[in-house]
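S.K.: After the structure tokens below, expect a handful of questions from me.
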6 protein chains.
Amino acid sequence: MDSERYQRGWDKLKEIDGEAGERVIEALRDIAPDLARYTIEFPFGDVYSRGGLSLREREIVTVAALAALGNAQPQLKVHINGALNVGCSRQEVVEIMIQLAVYAGFPAALNGVFAAKEVFAERDALGQTD
Amino acid sequence: MDSERYQRGWDKLKEIDGEAGERVIEALRDIAPDLARYTIEFPFGDVYSRGGLSLREREIVTVAALAALGNAQPQLKVHINGALNVGCSRQEVVEIMIQLAVYAGFPAALNGVFAAKEVFAERDALGQTD
Amino acid sequence: MDSERYQRGWDKLKEIDGEAGERVIEALRDIAPDLARYTIEFPFGDVYSRGGLSLREREIVTVAALAALGNAQPQLKVHINGALNVGCSRQEVVEIMIQLAVYAGFPAALNGVFAAKEVFAERDALGQTD
Amino acid sequence: MDSERYQRGWDKLKEIDGEAGERVIEALRDIAPDLARYTIEFPFGDVYSRGGLSLREREIVTVAALAALGNAQPQLKVHINGALNVGCSRQEVVEIMIQLAVYAGFPAALNGVFAAKEVFAERDALGQTD
Amino acid sequence: MDSERYQRGWDKLKEIDGEAGERVIEALRDIAPDLARYTIEFPFGDVYSRGGLSLREREIVTVAALAALGNAQPQLKVHINGALNVGCSRQEVVEIMIQLAVYAGFPAALNGVFAAKEVFAERDALGQTD
Amino acid sequence: MDSERYQRGWDKLKEIDGEAGERVIEALRDIAPDLARYTIEFPFGDVYSRGGLSLREREIVTVAALAALGNAQPQLKVHINGALNVGCSRQEVVEIMIQLAVYAGFPAALNGVFAAKEVFAERDALGQTD
């Protein structure tokens, strides 16, 4: 195990996804601890830690891909939160979904907006107004 | 027909996709002229003409969605070109694909990179080095 | 805004999807009002208002596409209702799903049938026996 | 082997897909003869032989599903031919694709139209003008 | 109806999927009895009854396909149970999901693991420790 | 860079995919060298190097996932070769595709068989009869 890569990933995961990210890792610990470790090391330790795109742009890519695929709602919600955590505005998240109406169809766009609506309400309940 | 919306869409299509976009519209004219018109009006006249995200960010969304879905290679190539036309660098296009390795899998990322490689070679042949 | 196109779309939306369609639009109003407008204008004002296929056949296309893709259950249920509203029988909806067993696999067919079963029960509860 | 079911399937296959269907079966004979047999028995002997939807409506379902999924171009072309063979007009095939722009996105619609364009050209070359 | 094929399918369904499989068939009986019959005859009477791969390997294929597609969670859970019923260990099910992180992306893998976690808990509650 | 993990991945890549795998890495070197490195490190250095499933079973998972998704034909062919290289028989590859007819539909199964047919012919041409 490469502990520097793991530590870099863990820090990045907390920066982007916050407690929601930690809860995903926690839920994997008993059943698939190695997948928990890979999730920290490769996506966060390797990919999100790269330059070349800003964190905000990387989250735009992720939200766009997840909403287009439409088969991973829990991850979509985690990353709508992530996008807001690293500098996207709520309106920008909605604009991503409107853009997807063209390329993935209206149902993908609508389901993306409704996922965003849930996330925004959860953040409101926590007093996060960004 | 709303001619202002159509004209705005046509101008936007040419700004983003250039000749490749015009060729798509041309190919639709005889078989599905109304779909040609809708393609100009809704995606370009309505959606790409919005504020809230920059054109460059809209193309990041589009390239991410198309590469993640993986079932629309011609459109992916048109929009890799589009991304480069509105301010993405080649390296940024590659970074989008690397980001997708996490969320859509390595085959989606690799096929995205190979589509980008073809587009870059075509631009090189035309003397476009951006 | 093209008010004739909007009005035509709104009327068509109510004809096909009834109250379920209006509720979708209502749920978009606060978070993404422009997407609400686009949903009325393009799908309903432009596409469903075309000739060339009957409304019943357009709903067959929609139900088949949504059940095959399998990642938009809320829309699938709205459009199973829509299909019944514009002249499909319950048995025809089930036949669409059986046809999909061949092309999208048995899980898509089964999940389509189970979505239909929920819709039929909701209609029964409302005294709609068609 | 249930020879009546097989014979009914074989006749239905030829009625719908004509020589293109026979060529698919032929291509399977050496490598996967049982899959050739299943393809005749289940899709054609069981499903297409059902009542409840007309053959023309069954092909509308199939074309819609294949164009929406977007990952089975050879089968899409076979079934655009099939749709024309059992009573759809060319314009109706195009209308199916326009309808899909809403539910599966513009790339799916465009690629569906371009597949149709190839099929229409092949039929023109054979002197089939329907 | 080919009663030998039906009987063979029914026995195979019970061997693999147990009561969960029977419940699926039961839920289809009133709304789509022919689809219930086809589900017994083709997948179980024809395909699972073949040689060439062991039942355990067939369930590995099924679980991999369903988790990769990610749009059929009820069937995924039925077949995680099925895999365990015909000889896969819990750890092997988890390894399938880890393998899919590479080819279908981390969200598919994570959702596969969480489906497995639910199945394992249900089996624990029934005193099934395999 | 973790050189042990890289070396283990490189050896595993050559064991499974042989020259086809090396060619993929080579094609990435100029345009996306980090993605080449990640492809060696994570899929091969981490995942394929795990115990818990045999290499042959891991390739069954991969071939099933890629054929079900149907949007990554080059990778599907590489991994049909890989499956044969680590102990699957040609008939077993065909059985995987027949199994997928049930879960991903007949088009996915047929396109999987036709990909296998091409791979088998290429191996015949090289005198590989396994």
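Residues in the structure tokens are numbered from 1 in each chain, the chains being A, B, ... in the order shown, and ligands are numbered from 1 in the order shown.
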May I ask you to extract the residues of chain F within 7 Å of chain E, using only C-alpha atoms, and to give them as JSON, numbers by chain?

M.R.: {"F": [43, 47, 52, 53, 58, 60, 61, 62, 64, 65, 68, 69, 91, 92, 95, 96, 99, 102, 103]}

S.K.: Mind dumping the selected residues with N, CA and C atoms as an mmCIF file, in the first residue's frame?

M.R.:
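File result-v3.cif, as written:
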```cif
data_model
loop_
_atom_site.group_PDB
_atom_site.id
_atom_site.type_symbol
_atom_site.label_atom_id
_atom_site.label_comp_id
_atom_site.auth_asym_id
_atom_site.auth_seq_id
_atom_site.Cartn_x
_atom_site.Cartn_y
_atom_site.Cartn_z
ATOM 1 N N PRO F 43 -6.255 -1.349 -13.187
ATOM 2 C CA PRO F 43 -6.900 -2.602 -13.614
ATOM 3 C C PRO F 43 -5.987 -3.819 -13.461
ATOM 4 N N VAL F 47 -6.380 -4.829 -9.687
ATOM 5 C CA VAL F 47 -7.587 -5.664 -9.719
ATOM 6 C C VAL F 47 -7.314 -7.076 -10.240
ATOM 7 N N GLY F 52 -9.352 -14.453 -5.082
ATOM 8 C CA GLY F 52 -10.792 -14.405 -4.857
ATOM 9 C C GLY F 52 -11.598 -14.862 -6.061
ATOM 10 N N LEU F 53 -11.101 -14.553 -7.244
ATOM 11 C CA LEU F 53 -11.636 -15.133 -8.478
ATOM 12 C C LEU F 53 -10.416 -15.521 -9.319
ATOM 13 N N ARG F 58 -12.338 -13.786 -13.898
ATOM 14 C CA ARG F 58 -12.306 -12.323 -14.081
ATOM 15 C C ARG F 58 -12.565 -11.953 -15.547
ATOM 16 N N ILE F 60 -14.337 -13.738 -17.627
ATOM 17 C CA ILE F 60 -15.769 -13.978 -17.859
ATOM 18 C C ILE F 60 -16.572 -12.749 -17.441
ATOM 19 N N VAL F 61 -16.245 -12.181 -16.277
ATOM 20 C CA VAL F 61 -16.918 -10.961 -15.821
ATOM 21 C C VAL F 61 -16.739 -9.835 -16.839
ATOM 22 N N THR F 62 -15.519 -9.646 -17.297
ATOM 23 C CA THR F 62 -15.204 -8.543 -18.200
ATOM 24 C C THR F 62 -15.915 -8.698 -19.541
ATOM 25 N N ALA F 64 -18.585 -10.441 -20.175
ATOM 26 C CA ALA F 64 -20.026 -10.283 -19.952
ATOM 27 C C ALA F 64 -20.409 -8.812 -19.838
ATOM 28 N N ALA F 65 -19.633 -8.046 -19.078
ATOM 29 C CA ALA F 65 -19.945 -6.631 -18.893
ATOM 30 C C ALA F 65 -19.826 -5.871 -20.214
ATOM 31 N N ALA F 68 -22.589 -6.830 -22.653
ATOM 32 C CA ALA F 68 -23.886 -6.309 -22.201
ATOM 33 C C ALA F 68 -23.992 -4.817 -22.473
ATOM 34 N N LEU F 69 -22.938 -4.067 -22.182
ATOM 35 C CA LEU F 69 -22.971 -2.619 -22.400
ATOM 36 C C LEU F 69 -23.013 -2.306 -23.895
ATOM 37 N N GLN F 91 -15.984 -22.243 -27.109
ATOM 38 C CA GLN F 91 -17.392 -22.536 -26.844
ATOM 39 C C GLN F 91 -17.877 -21.805 -25.591
ATOM 40 N N GLU F 92 -17.009 -21.678 -24.604
ATOM 41 C CA GLU F 92 -17.406 -20.950 -23.395
ATOM 42 C C GLU F 92 -17.667 -19.474 -23.695
ATOM 43 N N GLU F 95 -21.002 -19.314 -25.114
ATOM 44 C CA GLU F 95 -22.036 -19.523 -24.077
ATOM 45 C C GLU F 95 -22.290 -18.242 -23.273
ATOM 46 N N ILE F 96 -21.234 -17.466 -23.022
ATOM 47 C CA ILE F 96 -21.428 -16.182 -22.334
ATOM 48 C C ILE F 96 -22.417 -15.323 -23.118
ATOM 49 N N GLN F 99 -25.969 -16.580 -22.846
ATOM 50 C CA GLN F 99 -26.512 -16.193 -21.541
ATOM 51 C C GLN F 99 -26.983 -14.730 -21.561
ATOM 52 N N VAL F 102 -30.609 -13.319 -22.649
ATOM 53 C CA VAL F 102 -31.676 -13.198 -21.667
ATOM 54 C C VAL F 102 -31.632 -11.844 -20.954
ATOM 55 N N TYR F 103 -30.426 -11.404 -20.600
ATOM 56 C CA TYR F 103 -30.327 -10.260 -19.686
ATOM 57 C C TYR F 103 -30.062 -8.934 -20.396
#
```

S.K.: Within 8 Å of Arg8 in chain C, counting only C-alpha atoms, which residues qualify if same-chain residues fewer than 6 places away don't, as a JSON list (two decimals) with all heavy atoms, in the first residue's frame?

M.R.:
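So the final result, stored in part_32.json, reads:
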```json
[["chain", "number", "residue", "atom", "x", "y", "z"],
["C", 41, "GLU", "N", -42.50, 23.52, -24.79],
["C", 41, "GLU", "CA", -42.34, 24.00, -26.17],
["C", 41, "GLU", "C", -41.82, 22.95, -27.14],
["C", 41, "GLU", "O", -42.38, 22.77, -28.22],
["C", 41, "GLU", "CB", -41.38, 25.20, -26.18],
["C", 41, "GLU", "CG", -41.97, 26.46, -25.57],
["C", 41, "GLU", "CD", -40.96, 27.60, -25.53],
["C", 41, "GLU", "OE1", -39.75, 27.34, -25.68],
["C", 41, "GLU", "OE2", -41.40, 28.76, -25.33],
["C", 44, "PHE", "N", -43.68, 18.97, -26.58],
["C", 44, "PHE", "CA", -45.14, 18.99, -26.81],
["C", 44, "PHE", "C", -45.54, 19.99, -27.89],
["C", 44, "PHE", "O", -46.35, 19.67, -28.75],
["C", 44, "PHE", "CB", -45.86, 19.23, -25.48],
["C", 44, "PHE", "CG", -45.69, 18.07, -24.54],
["C", 44, "PHE", "CD1", -44.68, 18.06, -23.59],
["C", 44, "PHE", "CD2", -46.50, 16.95, -24.67],
["C", 44, "PHE", "CE1", -44.49, 16.96, -22.77],
["C", 44, "PHE", "CE2", -46.32, 15.85, -23.85],
["C", 44, "PHE", "CZ", -45.31, 15.85, -22.89],
["C", 45, "GLY", "N", -44.96, 21.19, -27.87],
["C", 45, "GLY", "CA", -45.32, 22.18, -28.88],
["C", 45, "GLY", "C", -44.82, 21.83, -30.27],
["C", 45, "GLY", "O", -45.51, 22.06, -31.27],
["C", 49, "SER", "N", -46.94, 17.60, -31.58],
["C", 49, "SER", "CA", -47.92, 18.30, -32.41],
["C", 49, "SER", "C", -47.76, 18.01, -33.89],
["C", 49, "SER", "O", -48.54, 18.49, -34.71],
["C", 49, "SER", "CB", -47.81, 19.81, -32.17],
["C", 49, "SER", "OG", -48.10, 20.11, -30.82]]
```

S.K.: Using the chain letters and numbers from this document, which residues of chain A does DSSP assign to helix (DSSP H, G or I), as JSON, numbers by chain?

M.R.: {"A": [3, 4, 5, 6, 7, 8, 9, 10, 11, 12, 13, 14, 15, 16, 17, 18, 19, 20, 21, 22, 23, 24, 25, 26, 27, 28, 29, 33, 34, 35, 36, 37, 38, 39, 40, 41, 42, 43, 44, 45, 46, 47, 55, 56, 57, 58, 59, 60, 61, 62, 63, 64, 65, 66, 67, 68, 69, 73, 74, 75, 76, 77, 78, 79, 80, 81, 82, 83, 84, 85, 90, 91, 92, 93, 94, 95, 96, 97, 98, 99, 100, 101, 102, 103, 104, 106, 107, 108, 109, 110, 111, 112, 113, 114, 115, 116, 117, 118, 119, 120, 121, 122, 123, 124, 125]}
